[in-house]
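Chemist: Hey, dropping run_39.cif in here, mmCIF, C-alpha atoms:
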data_my_file
loop_
_atom_site.label_atom_id
_atom_site.label_comp_id
_atom_site.auth_asym_id
_atom_site.auth_seq_id
_atom_site.Cartn_x
_atom_site.Cartn_y
_atom_site.Cartn_z
CA MET A 29 49.40 125.73 54.02
CA VAL A 30 49.16 122.02 54.81
CA GLU A 31 50.88 121.09 51.60
CA PHE A 32 53.82 123.40 52.38
CA ALA A 33 54.06 122.14 55.96
CA THR A 34 54.29 118.51 54.85
CA TYR A 35 56.51 119.01 51.81
CA PHE A 36 59.76 118.21 53.59
CA ILE A 37 58.38 115.07 55.22
CA VAL A 38 58.18 113.69 51.69
CA MET A 39 61.61 115.04 50.70
CA ALA A 40 63.54 113.56 53.64
CA GLY A 41 65.47 110.30 53.32
CA ARG A 42 69.16 109.79 52.76
CA PHE A 43 71.86 111.07 50.43
CA VAL A 44 73.98 108.75 48.33
CA ILE A 45 77.21 110.42 47.18
CA ASN A 46 79.91 109.12 44.88
CA GLY A 47 82.78 111.37 45.82
CA GLY A 48 86.01 112.62 44.33
CA LYS A 49 84.58 115.11 41.86
CA PRO A 50 85.56 118.81 41.98
CA LEU A 51 82.63 121.22 41.89
CA TYR A 52 82.39 123.78 39.10
CA GLY A 53 79.83 126.40 38.17
CA THR A 54 77.60 129.08 39.62
CA VAL A 55 75.20 128.81 42.55
CA GLY A 56 72.84 131.30 44.18
CA VAL A 57 72.53 132.06 47.88
CA ALA A 58 69.22 131.35 49.61
CA GLY A 59 67.52 133.72 52.03
CA ALA A 60 68.90 133.63 55.56
CA LYS A 61 67.26 130.92 57.67
CA ASN A 62 68.21 132.55 60.96
CA ALA A 63 66.73 135.85 59.79
CA VAL A 64 63.46 134.73 58.24
CA LEU A 65 62.21 132.75 61.25
CA LYS A 66 62.41 135.92 63.36
CA LEU A 67 60.89 138.05 60.59
CA ILE A 68 57.90 135.70 60.55
CA ALA A 69 57.55 136.12 64.31
CA ALA A 70 57.62 139.92 63.91
CA CYS A 71 54.56 139.74 61.67
CA LEU A 72 52.55 138.82 64.79
CA LEU A 73 53.09 142.32 66.16
CA THR A 74 50.57 143.88 63.77
CA LYS A 75 47.05 143.21 62.54
CA GLU A 76 48.04 144.50 59.12
CA SER A 77 49.40 142.24 56.37
CA CYS A 78 53.15 141.79 55.95
CA THR A 79 54.94 140.46 52.87
CA LEU A 80 58.36 138.83 53.08
CA HIS A 81 60.53 138.15 50.03
CA ASN A 82 63.58 135.89 49.55
CA ILE A 83 62.13 133.20 51.81
CA PRO A 84 64.15 129.94 51.70
CA ASP A 85 62.19 126.78 50.92
CA ILE A 86 63.31 124.84 54.00
CA SER A 87 61.48 122.76 56.57
CA ASP A 88 62.14 125.12 59.50
CA VAL A 89 60.25 127.85 57.63
CA SER A 90 57.50 125.37 56.87
CA GLN A 91 57.15 124.55 60.57
CA MET A 92 57.18 128.17 61.71
CA LEU A 93 54.46 129.09 59.22
CA ALA A 94 52.43 126.05 60.25
CA ILE A 95 52.67 127.18 63.88
CA LEU A 96 51.29 130.58 62.91
CA GLU A 97 48.48 128.98 60.92
CA SER A 98 47.51 126.83 63.88
CA MET A 99 46.72 130.06 65.74
CA GLY A 100 44.55 131.43 62.93
CA VAL A 101 47.14 133.46 61.02
CA ARG A 102 46.46 133.61 57.29
CA VAL A 103 49.52 132.61 55.26
CA GLU A 104 49.73 132.86 51.48
CA ARG A 105 52.55 132.11 49.05
CA PRO A 106 51.74 134.13 45.89
CA GLN A 107 55.02 133.05 44.27
CA LYS A 108 58.18 131.12 45.08
CA GLY A 109 60.23 132.89 47.71
CA THR A 110 57.39 135.19 48.86
CA VAL A 111 55.11 134.81 51.88
CA SER A 112 52.24 137.10 52.89
CA ILE A 113 51.17 136.94 56.55
CA ALA A 114 48.00 138.44 58.06
CA ALA A 115 47.77 138.11 61.85
CA ASP A 116 44.56 140.04 62.46
CA ARG A 117 42.79 136.97 63.87
CA VAL A 118 45.09 135.11 66.22
CA ASP A 119 44.26 132.80 69.11
CA PRO A 120 47.43 131.66 70.94
CA LYS A 121 45.43 129.02 72.81
CA ASN A 122 45.28 126.99 69.59
CA ILE A 123 49.04 126.95 69.02
CA ALA A 124 50.38 123.64 67.62
CA THR A 125 52.40 122.49 70.62
CA SER A 126 53.87 119.49 68.78
CA LEU A 127 55.48 121.78 66.20
CA VAL A 128 56.71 124.28 68.79
CA SER A 129 58.46 121.52 70.74
CA LYS A 130 60.43 120.57 67.62
CA LEU A 131 61.57 124.04 66.56
CA ARG A 132 64.13 125.92 68.65
CA ALA A 133 63.45 129.25 66.95
CA SER A 134 59.82 129.14 68.11
CA VAL A 135 61.05 130.69 71.37
CA VAL A 136 60.90 134.09 69.64
CA LEU A 137 57.13 133.79 69.57
CA LEU A 138 57.13 134.52 73.31
CA GLY A 139 57.71 138.26 72.96
CA PRO A 140 55.15 139.07 70.23
CA LEU A 141 52.42 136.89 71.73
CA LEU A 142 52.98 138.17 75.27
CA VAL A 143 52.87 141.87 74.43
CA ARG A 144 49.93 141.48 72.09
CA PHE A 145 47.72 139.13 74.13
CA GLY A 146 48.91 139.59 77.72
CA GLU A 147 49.55 135.92 78.43
CA ILE A 148 51.24 133.06 76.62
CA ARG A 149 51.78 129.35 77.22
CA LEU A 150 54.47 127.80 75.06
CA PRO A 151 55.95 124.30 75.33
CA TYR A 152 59.71 124.19 75.76
CA PRO A 153 61.18 124.64 72.25
CA GLY A 154 63.24 121.87 70.65
CA GLY A 155 65.95 121.99 67.99
CA ASP A 156 69.33 120.51 67.06
CA ARG A 157 71.25 118.25 69.43
CA ILE A 158 74.25 120.51 69.86
CA GLY A 159 74.38 120.57 73.65
CA ALA A 160 72.67 122.26 76.56
CA ARG A 161 70.81 125.35 75.41
CA PRO A 162 69.05 126.80 78.44
CA LEU A 163 66.69 129.71 78.04
CA ASP A 164 68.04 131.63 81.04
CA ALA A 165 68.78 134.74 78.97
CA HIS A 166 65.16 134.84 77.77
CA ARG A 167 63.84 134.53 81.31
CA SER A 168 66.13 137.36 82.40
CA ILE A 169 64.93 139.81 79.76
CA PHE A 170 61.26 139.09 80.42
CA GLU A 171 61.78 139.53 84.17
CA GLN A 172 63.51 142.85 83.49
CA PHE A 173 60.52 143.95 81.38
CA GLY A 174 58.35 143.11 84.40
CA ALA A 175 56.62 139.98 83.11
CA GLU A 176 55.20 137.50 85.59
CA ILE A 177 56.89 134.11 85.14
CA ILE A 178 54.30 131.51 86.14
CA SER A 179 56.31 128.49 84.96
CA TRP A 180 59.61 128.04 83.17
CA ASP A 181 60.25 124.34 82.76
CA THR A 182 58.49 122.03 80.32
CA LEU A 183 55.95 124.84 79.87
CA LEU A 184 56.88 128.49 79.37
CA HIS A 185 53.98 130.41 80.91
CA LEU A 186 54.24 134.21 81.05
CA ARG A 187 51.72 136.89 81.97
CA ILE A 188 51.66 140.66 81.93
CA PRO A 189 50.93 141.90 85.49
CA ARG A 190 48.23 144.42 86.28
CA ASN A 191 50.70 147.33 86.16
CA GLY A 192 51.90 146.24 82.70
CA LEU A 193 55.34 145.72 81.21
CA ARG A 194 57.83 148.54 81.42
CA PRO A 195 60.28 149.80 78.82
CA GLY A 196 63.64 150.80 80.19
CA ARG A 197 67.15 149.47 80.60
CA ILE A 198 67.55 145.78 79.74
CA VAL A 199 70.91 144.07 80.25
CA LEU A 200 71.26 140.69 78.59
CA PRO A 201 73.30 138.22 80.65
CA GLU A 202 75.13 137.00 77.53
CA PHE A 203 75.37 137.57 73.77
CA SER A 204 72.25 135.53 73.06
CA VAL A 205 70.91 136.08 69.57
CA THR A 206 67.38 134.82 70.19
CA ALA A 207 67.11 136.58 73.56
CA THR A 208 68.18 139.82 71.85
CA GLU A 209 65.50 139.26 69.22
CA ASN A 210 62.84 138.46 71.82
CA ALA A 211 63.75 141.69 73.63
CA MET A 212 63.53 143.67 70.38
CA LEU A 213 60.13 142.20 69.54
CA THR A 214 58.80 142.81 73.05
CA ALA A 215 60.07 146.39 73.22
CA SER A 216 58.51 147.25 69.85
CA LEU A 217 54.97 147.17 71.30
CA LEU A 218 55.89 148.93 74.56
CA PRO A 219 55.48 152.69 74.05
CA GLY A 220 58.60 154.43 75.28
CA LYS A 221 62.36 153.99 75.19
CA THR A 222 64.04 150.65 75.78
CA MET A 223 67.83 150.31 75.90
CA LEU A 224 69.28 146.85 75.26
CA HIS A 225 72.83 146.26 76.46
CA ILE A 226 75.06 143.25 75.65
CA ALA A 227 72.89 142.76 72.57
CA ALA A 228 73.85 140.36 69.78
CA ALA A 229 74.97 142.03 66.56
CA GLU A 230 74.58 139.22 63.99
CA PRO A 231 73.37 140.07 60.46
CA HIS A 232 69.99 138.43 61.13
CA VAL A 233 69.53 140.63 64.21
CA GLN A 234 70.19 143.62 61.98
CA ASP A 235 67.68 142.28 59.45
CA LEU A 236 65.00 142.00 62.13
CA ALA A 237 65.72 145.60 63.11
CA ALA A 238 65.30 146.64 59.46
CA LEU A 239 61.84 145.03 59.28
CA LEU A 240 60.76 146.60 62.58
CA VAL A 241 61.82 150.01 61.27
CA ARG A 242 59.61 149.44 58.23
CA MET A 243 56.76 148.58 60.60
CA GLY A 244 57.13 151.99 62.28
CA ILE A 245 59.71 151.51 65.04
CA ASN A 246 62.67 153.81 65.61
CA ILE A 247 65.69 151.58 66.34
CA GLN A 248 69.19 152.91 66.88
CA GLY A 249 72.43 150.94 67.12
CA ALA A 250 71.57 147.87 65.03
CA GLY A 251 74.79 145.93 64.43
CA THR A 252 76.28 147.05 67.76
CA HIS A 253 75.94 145.65 71.27
CA ASP A 254 73.78 148.55 72.46
CA LEU A 255 70.34 149.03 70.94
CA ILE A 256 67.81 151.78 71.59
CA ILE A 257 64.22 150.96 70.68
CA PHE A 258 61.37 153.46 70.76
CA GLY A 259 58.28 151.30 71.03
CA GLU A 260 54.85 152.16 69.66
CA LYS A 261 51.31 151.21 70.68
CA THR A 262 50.52 149.85 67.21
CA LEU A 263 52.64 148.79 64.26
CA SER A 264 51.85 148.84 60.56
CA GLY A 265 52.28 146.12 57.99
CA ALA A 266 55.40 146.13 55.83
CA THR A 267 57.17 144.56 52.89
CA HIS A 268 60.69 143.31 53.43
CA THR A 269 63.34 141.29 51.58
CA THR A 270 65.35 138.85 53.69
CA ILE A 271 69.13 139.13 53.60
CA PRO A 272 71.12 136.42 51.79
CA ASP A 273 72.22 133.63 54.11
CA PRO A 274 75.90 134.06 55.07
CA LEU A 275 76.00 130.43 56.29
CA ASP A 276 74.65 129.19 52.97
CA ALA A 277 77.25 131.25 51.09
CA ALA A 278 80.08 130.09 53.36
CA THR A 279 79.02 126.47 52.94
CA PHE A 280 79.48 126.65 49.17
CA LEU A 281 82.75 128.56 49.56
CA ILE A 282 84.10 125.70 51.66
CA PHE A 283 82.61 123.09 49.31
CA GLY A 284 84.48 124.65 46.40
CA ALA A 285 87.76 124.86 48.32
CA ALA A 286 87.68 121.33 49.76
CA THR A 287 86.68 119.61 46.49
CA ARG A 288 89.44 121.53 44.65
CA GLY A 289 86.87 123.06 42.36
CA GLU A 290 85.86 126.54 41.25
CA ILE A 291 82.49 128.02 42.21
CA GLU A 292 80.96 131.45 41.82
CA ILE A 293 78.53 132.19 44.65
CA CYS A 294 76.03 134.83 43.54
CA GLY A 295 74.08 137.02 45.93
CA ALA A 296 76.52 136.79 48.85
CA ARG A 297 77.43 139.71 51.10
CA GLU A 298 81.13 140.11 51.76
CA ASP A 299 80.52 142.30 54.82
CA HIS A 300 78.77 139.40 56.57
CA LEU A 301 81.67 137.02 55.92
CA LEU A 302 84.82 139.06 56.58
CA LEU A 303 86.55 136.77 59.08
CA VAL A 304 85.40 133.62 57.27
CA LEU A 305 87.00 134.93 54.07
CA GLU A 306 90.21 135.87 55.87
CA LYS A 307 90.47 132.40 57.42
CA LEU A 308 89.94 130.76 54.02
CA LYS A 309 92.68 132.95 52.51
CA GLU A 310 94.96 131.94 55.39
CA MET A 311 94.36 128.30 54.42
CA GLY A 312 95.43 128.96 50.83
CA VAL A 313 91.99 129.23 49.27
CA GLY A 314 91.72 131.49 46.23
CA LEU A 315 88.96 134.09 46.56
CA LYS A 316 87.69 136.91 44.39
CA VAL A 317 84.97 139.34 45.38
CA ASP A 318 83.05 141.20 42.67
CA GLY A 319 80.09 143.09 44.09
CA SER A 320 77.57 140.53 45.34
CA SER A 321 79.51 137.66 43.79
CA ILE A 322 82.29 135.71 45.51
CA SER A 323 84.35 133.22 43.51
CA VAL A 324 86.32 130.45 45.20
CA SER A 325 89.13 128.28 43.84
CA GLY A 326 90.58 125.26 45.58
CA LYS A 327 93.32 124.71 43.00
CA GLY A 328 96.19 125.84 45.22
CA GLN A 329 97.91 124.02 48.06
CA LEU A 330 95.71 124.00 51.14
CA ARG A 331 97.50 124.59 54.43
CA ALA A 332 96.37 124.23 58.01
CA THR A 333 95.51 127.22 60.12
CA ARG A 334 96.60 127.26 63.73
CA ARG A 335 93.10 127.69 65.12
CA ILE A 336 89.47 127.94 64.07
CA GLN A 337 87.79 129.80 66.91
CA ALA A 338 83.98 129.94 66.93
CA MET A 339 82.81 133.29 68.26
CA PRO A 340 79.78 135.60 68.18
CA TYR A 341 79.56 137.90 65.15
CA PRO A 342 81.71 139.22 63.60
CA GLY A 343 83.71 136.10 64.48
CA ILE A 344 83.49 132.74 62.74
CA PRO A 345 80.03 131.31 63.53
CA SER A 346 79.73 128.11 65.54
CA ASP A 347 77.57 126.89 62.65
CA LEU A 348 80.62 126.74 60.36
CA GLN A 349 83.23 125.03 62.53
CA ALA A 350 82.27 121.50 61.36
CA LEU A 351 82.70 122.52 57.72
CA PHE A 352 86.08 124.07 58.52
CA ALA A 353 87.07 120.81 60.23
CA VAL A 354 86.36 118.81 57.07
CA LEU A 355 88.31 121.37 55.04
CA ALA A 356 91.19 120.96 57.50
CA THR A 357 91.42 117.22 56.67
CA GLN A 358 92.59 118.33 53.20
CA ALA A 359 95.05 120.97 54.46
CA GLU A 360 98.70 120.27 55.25
CA GLY A 361 99.37 120.44 59.01
CA GLU A 362 97.39 120.62 62.23
CA THR A 363 94.28 122.73 62.82
CA GLN A 364 92.77 123.27 66.25
CA ILE A 365 88.99 123.69 66.29
CA HIS A 366 87.61 125.44 69.37
CA ASP A 367 83.91 126.03 69.99
CA PRO A 368 83.15 127.42 73.47
CA LEU A 369 79.47 127.92 72.67
CA PHE A 370 77.97 124.44 72.42
CA GLU A 371 79.41 121.23 73.87
CA GLY A 372 77.49 119.02 71.42
CA ARG A 373 78.96 120.46 68.23
CA PHE A 374 81.64 117.76 67.84
CA LEU A 375 79.46 114.69 67.31
CA TYR A 376 80.67 114.66 63.71
CA VAL A 377 84.29 113.96 64.73
CA ASN A 378 83.71 110.22 65.21
CA GLU A 379 82.08 110.05 61.78
CA LEU A 380 85.14 111.73 60.22
CA LYS A 381 87.45 109.30 62.04
CA ARG A 382 85.46 106.39 60.66
CA MET A 383 86.06 107.81 57.18
CA GLY A 384 89.81 107.90 57.82
CA ALA A 385 90.36 111.42 59.13
CA ALA A 386 93.15 112.04 61.62
CA ALA A 387 90.90 113.76 64.13
CA GLU A 388 90.92 113.89 67.91
CA GLN A 389 88.31 115.36 70.22
CA HIS A 390 90.18 116.68 73.25
CA ASN A 391 87.08 117.67 75.22
CA SER A 392 83.52 118.80 74.62
CA HIS A 393 84.71 122.12 73.18
CA GLU A 394 87.91 121.31 71.30
CA ALA A 395 89.15 119.05 68.52
CA LEU A 396 92.38 118.65 66.55
CA ILE A 397 92.45 117.85 62.82
CA ARG A 398 95.59 116.68 61.01
CA GLY A 399 95.88 116.82 57.24
CA VAL A 400 96.25 115.82 54.54
CA THR A 401 94.24 112.60 54.90
CA LYS A 402 92.32 110.62 52.34
CA LEU A 403 88.73 109.99 53.31
CA SER A 404 86.84 106.85 52.36
CA GLY A 405 83.12 106.69 51.72
CA MET A 406 80.85 104.77 54.09
CA ARG A 407 77.46 105.01 55.80
CA ILE A 408 77.44 107.98 58.21
CA SER A 409 74.89 110.04 60.13
CA SER A 410 73.79 113.65 60.14
CA PHE A 411 73.33 114.96 63.70
CA ASP A 412 72.24 118.53 63.06
CA ILE A 413 71.92 121.04 60.24
CA ARG A 414 75.55 122.14 60.01
CA ALA A 415 77.16 118.82 60.93
CA GLY A 416 74.94 117.36 58.22
CA ALA A 417 76.37 119.79 55.66
CA ALA A 418 79.87 118.87 56.88
CA MET A 419 79.09 115.18 56.33
CA VAL A 420 77.92 115.98 52.80
CA LEU A 421 81.25 117.72 52.20
CA ALA A 422 83.12 114.70 53.58
CA GLY A 423 81.20 112.52 51.15
CA LEU A 424 82.00 114.83 48.24
CA ILE A 425 85.76 114.58 48.81
CA ALA A 426 85.87 110.92 49.91
CA GLY A 427 86.80 108.07 47.64
CA GLY A 428 83.98 105.64 46.92
CA GLN A 429 80.36 105.90 47.99
CA THR A 430 79.03 107.67 51.06
CA ILE A 431 75.50 107.22 52.39
CA ILE A 432 74.26 109.92 54.76
CA GLU A 433 71.31 109.14 56.99
CA GLY A 434 69.19 111.73 58.75
CA VAL A 435 69.09 114.30 55.95
CA GLU A 436 65.90 115.76 57.43
CA HIS A 437 68.28 117.77 59.64
CA ILE A 438 69.95 119.21 56.52
CA ASP A 439 66.58 120.07 54.96
CA ARG A 440 65.82 122.21 58.01
CA GLY A 441 68.45 124.76 56.99
CA TYR A 442 69.47 124.26 53.35
CA GLU A 443 67.21 124.79 50.38
CA ASP A 444 67.56 121.98 47.81
CA LEU A 445 71.16 121.26 48.81
CA ASP A 446 71.40 118.09 46.73
CA GLY A 447 69.88 119.76 43.67
CA ARG A 448 72.24 122.71 43.83
CA LEU A 449 75.21 120.37 44.27
CA ARG A 450 74.16 118.35 41.22
CA SER A 451 74.10 121.59 39.21
CA LEU A 452 77.79 121.96 40.17
CA GLY A 453 78.67 118.46 39.01
CA ALA A 454 78.32 116.48 42.22
CA ASP A 455 77.21 112.85 42.03
CA ILE A 456 74.55 113.00 44.75
CA ILE A 457 71.04 111.59 44.83
CA ARG A 458 68.29 111.48 47.42
CA GLN A 459 66.73 108.13 48.19
#
Take the structure I supplied and represent it as structure tokens, if you would.
Modeler:
Amino acid sequence: MVEFATYFIVMAGRFVINGGKPLYGTVGVAGAKNAVLKLIAACLLTKESCTLHNIPDISDVSQMLAILESMGVRVERPQKGTVSIAADRVDPKNIATSLVSKLRASVVLLGPLLVRFGEIRLPYPGGDRIGARPLDAHRSIFEQFGAEIISWDTLLHLRIPRNGLRPGRIVLPEFSVTATENAMLTASLLPGKTMLHIAAAEPHVQDLAALLVRMGINIQGAGTHDLIIFGEKTLSGATHTTIPDPLDAATFLIFGAATRGEIEICGAREDHLLLVLEKLKEMGVGLKVDGSSISVSGKGQLRATRRIQAMPYPGIPSDLQALFAVLATQAEGETQIHDPLFEGRFLYVNELKRMGAAAEQHNSHEALIRGVTKLSGMRISSFDIRAGAAMVLAGLIAGGQTIIEGVEHIDRGYEDLDGRLRSLGADIIRQ
């Protein structure tokens, strides 16, 4: 797997975009990044082989698989989009700490490794610079399971006490997606009934539940805020197809609307995008849903919406508010963007202002966008995965040339974004 782990180091660089061209054509949706990283972690719960399909070719997946390989997990890629994982010979002591410290989602390795091996040491996970992201919810769920917390600072060190972990009633202190997933993974190897309250309900949480069911677990309530998990002593291997990425689909919907183009997004799931679609309609975007295909048209007059409010599912994801902000620069009127989840999500606002946007950041959780404004191309930065996609969109609609640095952030979450945009007529190259 070394070649797969290093692939995106070669691919990184910068994007050069000559904007002003509407996007036309058809594009497919990649597998869900936020789902597949947790599905990979679930494969550690069994000694039997698991096969995952619809795996996006992104650097976060590369890193997660490399972390597993560092512990002795056998990883094979028999064909594009498919990964086979055999975790019958695992030694957590050999875990690649440098990779763990760069990947936020590696925190979900805590549950599987703890319940399977009795003790785990994990460096504090890294990730995007979107604000303070404490792991308090994770600590809470492990304490409720009865784990011994030896350290919880730069090193996460957990141990199962002599009397073992206990299934039972677990109350999450907040709607934390990864803490919910860690609780699900932990409970799966604890024989008995575990009830999770205040659980996250996101599509990727539901997808993890679907894989665990295939591995032999009885899970009730997936997609709600109350889950019941009947754990087993051993789990079987399974084959599973990852859900399409709703964030990937929404990105191209907004790309089509903002560039005043027409795009058909194939493989999307309408039920995972209900509020996103309603908000786009409110802004004057033309949409047509036909089974697993969603077509978008930006030919009509775009109008501001009073408020884009980032919320847990089924609300508009925090991951999409930056893209909505760029769309709002092309909509008549004022749009308030509010993101109570992460105080670092608005780093892109200054970049938009430099391009000519009428944008104001009121505080760490709120910004105001006035449209319509003409954006001008210039050299800008990508701060995280989704802000990076928003900067790409700004470059696509701006006059002149835009150079985007830091595209390694974009590669973490989007499969071949520049290639797919070129297929839609965008003038974008990677240097």
Chemist: Between A:Lys221, A:Arg167, A:Arg373, A:Arg144, which residue has the minimum interatomic distance to A:Asn391, considering all atoms listed in the file?
Modeler: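 Under the stated criterion, the closest residue is A:Arg373.
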Chemist: Taking (62.5, 137.0, 82.7) in the file's own coordinates, collect the residues within 12 Å, counting only C-alpha atoms, and hand them back as a PDB file with C-alpha atoms, keeping the file's coordinate frame.
Modeler:
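In the end it all went to result20.pdb:
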ATOM      1  CA  LEU A 138      57.130 134.520  73.310  1.00  0.00           C
ATOM      2  CA  GLY A 139      57.710 138.260  72.960  1.00  0.00           C
ATOM      3  CA  LEU A 163      66.690 129.710  78.040  1.00  0.00           C
ATOM      4  CA  ASP A 164      68.040 131.630  81.040  1.00  0.00           C
ATOM      5  CA  ALA A 165      68.780 134.740  78.970  1.00  0.00           C
ATOM      6  CA  HIS A 166      65.160 134.840  77.770  1.00  0.00           C
ATOM      7  CA  ARG A 167      63.840 134.530  81.310  1.00  0.00           C
ATOM      8  CA  SER A 168      66.130 137.360  82.400  1.00  0.00           C
ATOM      9  CA  ILE A 169      64.930 139.810  79.760  1.00  0.00           C
ATOM     10  CA  PHE A 170      61.260 139.090  80.420  1.00  0.00           C
ATOM     11  CA  GLU A 171      61.780 139.530  84.170  1.00  0.00           C
ATOM     12  CA  GLN A 172      63.510 142.850  83.490  1.00  0.00           C
ATOM     13  CA  PHE A 173      60.520 143.950  81.380  1.00  0.00           C
ATOM     14  CA  GLY A 174      58.350 143.110  84.400  1.00  0.00           C
ATOM     15  CA  ALA A 175      56.620 139.980  83.110  1.00  0.00           C
ATOM     16  CA  GLU A 176      55.200 137.500  85.590  1.00  0.00           C
ATOM     17  CA  ILE A 177      56.890 134.110  85.140  1.00  0.00           C
ATOM     18  CA  ILE A 178      54.300 131.510  86.140  1.00  0.00           C
ATOM     19  CA  SER A 179      56.310 128.490  84.960  1.00  0.00           C
ATOM     20  CA  TRP A 180      59.610 128.040  83.170  1.00  0.00           C
ATOM     21  CA  LEU A 184      56.880 128.490  79.370  1.00  0.00           C
ATOM     22  CA  HIS A 185      53.980 130.410  80.910  1.00  0.00           C
ATOM     23  CA  LEU A 186      54.240 134.210  81.050  1.00  0.00           C
ATOM     24  CA  ARG A 187      51.720 136.890  81.970  1.00  0.00           C
ATOM     25  CA  ILE A 188      51.660 140.660  81.930  1.00  0.00           C
ATOM     26  CA  LEU A 193      55.340 145.720  81.210  1.00  0.00           C
ATOM     27  CA  ILE A 198      67.550 145.780  79.740  1.00  0.00           C
ATOM     28  CA  VAL A 199      70.910 144.070  80.250  1.00  0.00           C
ATOM     29  CA  LEU A 200      71.260 140.690  78.590  1.00  0.00           C
ATOM     30  CA  PRO A 201      73.300 138.220  80.650  1.00  0.00           C
ATOM     31  CA  ALA A 207      67.110 136.580  73.560  1.00  0.00           C
ATOM     32  CA  ASN A 210      62.840 138.460  71.820  1.00  0.00           C
ATOM     33  CA  ALA A 211      63.750 141.690  73.630  1.00  0.00           C
ATOM     34  CA  THR A 214      58.800 142.810  73.050  1.00  0.00           C
TER      35      THR A 214
END
Chemist: Evaluate the PyMOL selection byres ((chain A and resi 123) around 12) on the structure here and hand back the selected residues as a PyMOL selection string.
Modeler: chain A and resi 91-101+118-122+124-129+134+137-138+141+148-151
Chemist: For stretch 408-422 of chain A, find every residue with an atom within 9 Å (counting all atoms listed in the file), except residues of its own chain fewer than 6 positions away, and show them as a short mmCIF file (atom, residue, chain, number, x, y, z; two decimals) with C-alpha atoms, in the frame of the given file.
Modeler:
data_model
loop_
_atom_site.label_atom_id
_atom_site.label_comp_id
_atom_site.auth_asym_id
_atom_site.auth_seq_id
_atom_site.Cartn_x
_atom_site.Cartn_y
_atom_site.Cartn_z
CA PHE A 43 71.86 111.07 50.43
CA ILE A 45 77.21 110.42 47.18
CA GLY A 47 82.78 111.37 45.82
CA GLY A 155 65.95 121.99 67.99
CA ASP A 156 69.33 120.51 67.06
CA ARG A 157 71.25 118.25 69.43
CA ILE A 158 74.25 120.51 69.86
CA THR A 279 79.02 126.47 52.94
CA ILE A 282 84.10 125.70 51.66
CA PHE A 283 82.61 123.09 49.31
CA ALA A 286 87.68 121.33 49.76
CA THR A 287 86.68 119.61 46.49
CA ASP A 347 77.57 126.89 62.65
CA LEU A 348 80.62 126.74 60.36
CA GLN A 349 83.23 125.03 62.53
CA ALA A 350 82.27 121.50 61.36
CA LEU A 351 82.70 122.52 57.72
CA PHE A 352 86.08 124.07 58.52
CA ALA A 353 87.07 120.81 60.23
CA VAL A 354 86.36 118.81 57.07
CA LEU A 355 88.31 121.37 55.04
CA ARG A 373 78.96 120.46 68.23
CA PHE A 374 81.64 117.76 67.84
CA LEU A 375 79.46 114.69 67.31
CA TYR A 376 80.67 114.66 63.71
CA GLU A 379 82.08 110.05 61.78
CA LEU A 380 85.14 111.73 60.22
CA ARG A 382 85.46 106.39 60.66
CA MET A 383 86.06 107.81 57.18
CA THR A 430 79.03 107.67 51.06
CA ILE A 431 75.50 107.22 52.39
CA ILE A 432 74.26 109.92 54.76
CA GLU A 433 71.31 109.14 56.99
CA GLY A 434 69.19 111.73 58.75
CA VAL A 435 69.09 114.30 55.95
CA GLU A 436 65.90 115.76 57.43
CA HIS A 437 68.28 117.77 59.64
CA ILE A 438 69.95 119.21 56.52
CA ASP A 439 66.58 120.07 54.96
CA ARG A 440 65.82 122.21 58.01
CA GLY A 441 68.45 124.76 56.99
CA TYR A 442 69.47 124.26 53.35
CA LEU A 445 71.16 121.26 48.81
#
Chemist: Using all atoms listed in the file, collect all residues at a distance of at most 9 Å from (64.8, 142.0, 64.6) as written in the file, then present them as a ChimeraX atom specification.
Modeler: /A:63,66-67,70,208-210,212-213,232-240,250
Chemist: So which one's closest to A:Ser392, A:Gly405, A:Pro368, A:Pro345, A:Pro84? Using only C-alpha atoms, please.
Modeler: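 Of the candidates, the smallest distance to A:Ser392 is held by A:Pro368.
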Chemist: Fewer than 2 positions away in the same chain doesn't count, so skip those; otherwise give me all residues within 9 Å of A:Pro342, counting only C-alpha atoms, as a list in words.
Modeler: Ala229, Glu230, Pro231, His300, Leu301, Leu302, Leu303, Met339, Pro340, Ile344 and Pro345 of chain A
